[in-house]
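What follows is one structure encoded as structure tokens, with my remarks underneath.
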Amino acid sequence: MEGSHDLVRRLWTAYREGGVETALALLHPDVEFVAVDGTTYDGHDGVRSFFKSFADQGQTFEASPYSFEGQGDAVLVAGHRRIHSAEGTSGAYLYFVHVIRDGSIARLSAHATREAALGDLRRNELPGQRASG
């Protein structure tokens, strides 16, 4: 069985090389996708909607991972997000929590700080699962 780190690395590679549609294959059909502002997008259609909102505003969205850290049945990724528009580029360092269930990513959430990401992991851990950190 594929390890959690490998699955999450594959997701980031799929997104970088093939875009959202390619990455969706690694997300559970009922994925819970939580943006850094706290807005939740449900399922593949929700994820598509999140990314489409940038295109609808004439923006492009990019995200790059820097590090991968196992946290129980989850992987914490430190990375960078960039949004390009006609007015310029904005960027932010973010922490992304990827919760793995049944061989796919069931929950993906973005956080402004490592502390917020670890708090999210504690709130969403499965019975019998312990997140380290």
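How things are named: the first chain in the structure tokens is A, the next is B, and so on; residues count from 1 in each chain; ligands count from 1 in the order shown.
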Query raised in the report: Skipping near chain neighbours, those fewer than 6 positions away, what residues fall within 10 Å of A:Gly19 using only C-alpha atoms, listed as number ranges by chain?
Result: A: 12-13, 51, 62
Report task. Extract the full set of alpha helix (DSSP H) residues from stretch 89-132 of chain A according to DSSP on the backbone, and format it as number ranges by chain. Result -> A: 114-123
Write out, as an mmCIF file, in the first residue's frame, the residues just selected, with N, CA and C atoms.
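The resulting selection.cif:
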data_model
loop_
_atom_site.group_PDB
_atom_site.id
_atom_site.type_symbol
_atom_site.label_atom_id
_atom_site.label_comp_id
_atom_site.auth_asym_id
_atom_site.auth_seq_id
_atom_site.Cartn_x
_atom_site.Cartn_y
_atom_site.Cartn_z
ATOM 1 N N ARG A 114 1.656 27.280 11.384
ATOM 2 C CA ARG A 114 1.847 25.877 11.771
ATOM 3 C C ARG A 114 0.970 25.532 12.979
ATOM 4 N N GLU A 115 0.875 26.449 13.926
ATOM 5 C CA GLU A 115 0.062 26.211 15.120
ATOM 6 C C GLU A 115 -1.404 25.985 14.755
ATOM 7 N N ALA A 116 -1.919 26.778 13.819
ATOM 8 C CA ALA A 116 -3.306 26.595 13.378
ATOM 9 C C ALA A 116 -3.486 25.244 12.693
ATOM 10 N N ALA A 117 -2.501 24.848 11.890
ATOM 11 C CA ALA A 117 -2.580 23.553 11.202
ATOM 12 C C ALA A 117 -2.576 22.402 12.204
ATOM 13 N N LEU A 118 -1.705 22.470 13.206
ATOM 14 C CA LEU A 118 -1.659 21.409 14.222
ATOM 15 C C LEU A 118 -2.938 21.390 15.048
ATOM 16 N N GLY A 119 -3.514 22.556 15.318
ATOM 17 C CA GLY A 119 -4.801 22.610 16.015
ATOM 18 C C GLY A 119 -5.899 21.951 15.204
ATOM 19 N N ASP A 120 -5.882 22.183 13.899
ATOM 20 C CA ASP A 120 -6.858 21.544 13.010
ATOM 21 C C ASP A 120 -6.689 20.026 13.039
ATOM 22 N N LEU A 121 -5.460 19.561 13.033
ATOM 23 C CA LEU A 121 -5.208 18.120 13.110
ATOM 24 C C LEU A 121 -5.792 17.534 14.396
ATOM 25 N N ARG A 122 -5.587 18.199 15.519
ATOM 26 C CA ARG A 122 -6.112 17.697 16.795
ATOM 27 C C ARG A 122 -7.634 17.664 16.799
ATOM 28 N N ARG A 123 -8.265 18.677 16.241
ATOM 29 C CA ARG A 123 -9.733 18.717 16.206
ATOM 30 C C ARG A 123 -10.331 17.644 15.308
#
Query - Long-range neighbours of A:Gly38 as a PyMOL selection string, 10 Å cut-off, only C-alpha atoms, 6 positions minimum in chain - result: chain A and resi 109-111
Query - Test item: residues at most 9 Å from stretch 73-88 of chain A, only C-alpha atoms, excluding those fewer than 6 positions along its chain, as number ranges by chain - result: A: 4-5, 8, 54, 57-67, 94-101, 105, 114, 117-118, 121, 125-126, 129-131
Same residues, C-alpha atoms, output as a tab-separated table (two decimals), in the first residue's frame:
chain	number	residue	atom	x	y	z
A	4	SER	CA	0.84	8.82	3.11
A	5	HIS	CA	3.90	10.88	2.17
A	8	VAL	CA	0.57	13.62	-0.86
A	54	PHE	CA	-9.62	32.56	-9.46
A	57	GLN	CA	-11.49	36.95	-11.62
A	58	GLY	CA	-8.68	36.84	-14.19
A	59	GLN	CA	-6.23	35.35	-11.70
A	60	THR	CA	-4.03	32.28	-11.67
A	61	PHE	CA	-3.36	30.28	-8.54
A	62	GLU	CA	-0.11	28.45	-7.83
A	63	ALA	CA	1.04	26.51	-4.80
A	64	SER	CA	4.38	24.86	-4.13
A	65	PRO	CA	5.35	22.51	-1.31
A	66	TYR	CA	8.58	22.91	0.67
A	67	SER	CA	8.40	20.15	3.25
A	94	LEU	CA	0.91	28.41	4.28
A	95	TYR	CA	0.57	25.05	6.01
A	96	PHE	CA	-1.58	22.41	4.34
A	97	VAL	CA	-3.09	19.50	6.27
A	98	HIS	CA	-3.83	16.36	4.22
A	99	VAL	CA	-5.89	13.68	6.02
A	100	ILE	CA	-5.68	10.23	4.44
A	101	ARG	CA	-8.56	7.76	4.63
A	105	ILE	CA	-7.02	12.31	0.60
A	114	ARG	CA	1.85	25.88	11.77
A	117	ALA	CA	-2.58	23.55	11.20
A	118	LEU	CA	-1.66	21.41	14.22
A	121	LEU	CA	-5.21	18.12	13.11
A	125	GLU	CA	-8.21	13.24	14.44
A	126	LEU	CA	-9.91	9.86	14.25
A	129	GLN	CA	-5.27	8.38	16.18
A	130	ARG	CA	-2.75	10.74	17.75
A	131	ALA	CA	-1.19	13.63	15.90
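Minimum atom-to-atom distance to A:Glu69, evaluated using only C-alpha atoms, belongs to A:Arg9 out of A:Arg9, A:Gly46, A:Ala25, A:Ala55.
With distances taken over only C-alpha atoms, A:Leu108 is the one residue among A:Leu108, A:Phe50, A:Tyr93, A:Ala14 lying closest to A:Phe33.
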**Report entry** In chain A, DSSP strand (DSSP E or B) residues written as an NGL selection string
**Finding:** :A and (27-34 or 40-42 or 60-71 or 74-85 or 88-101 or 104-111)
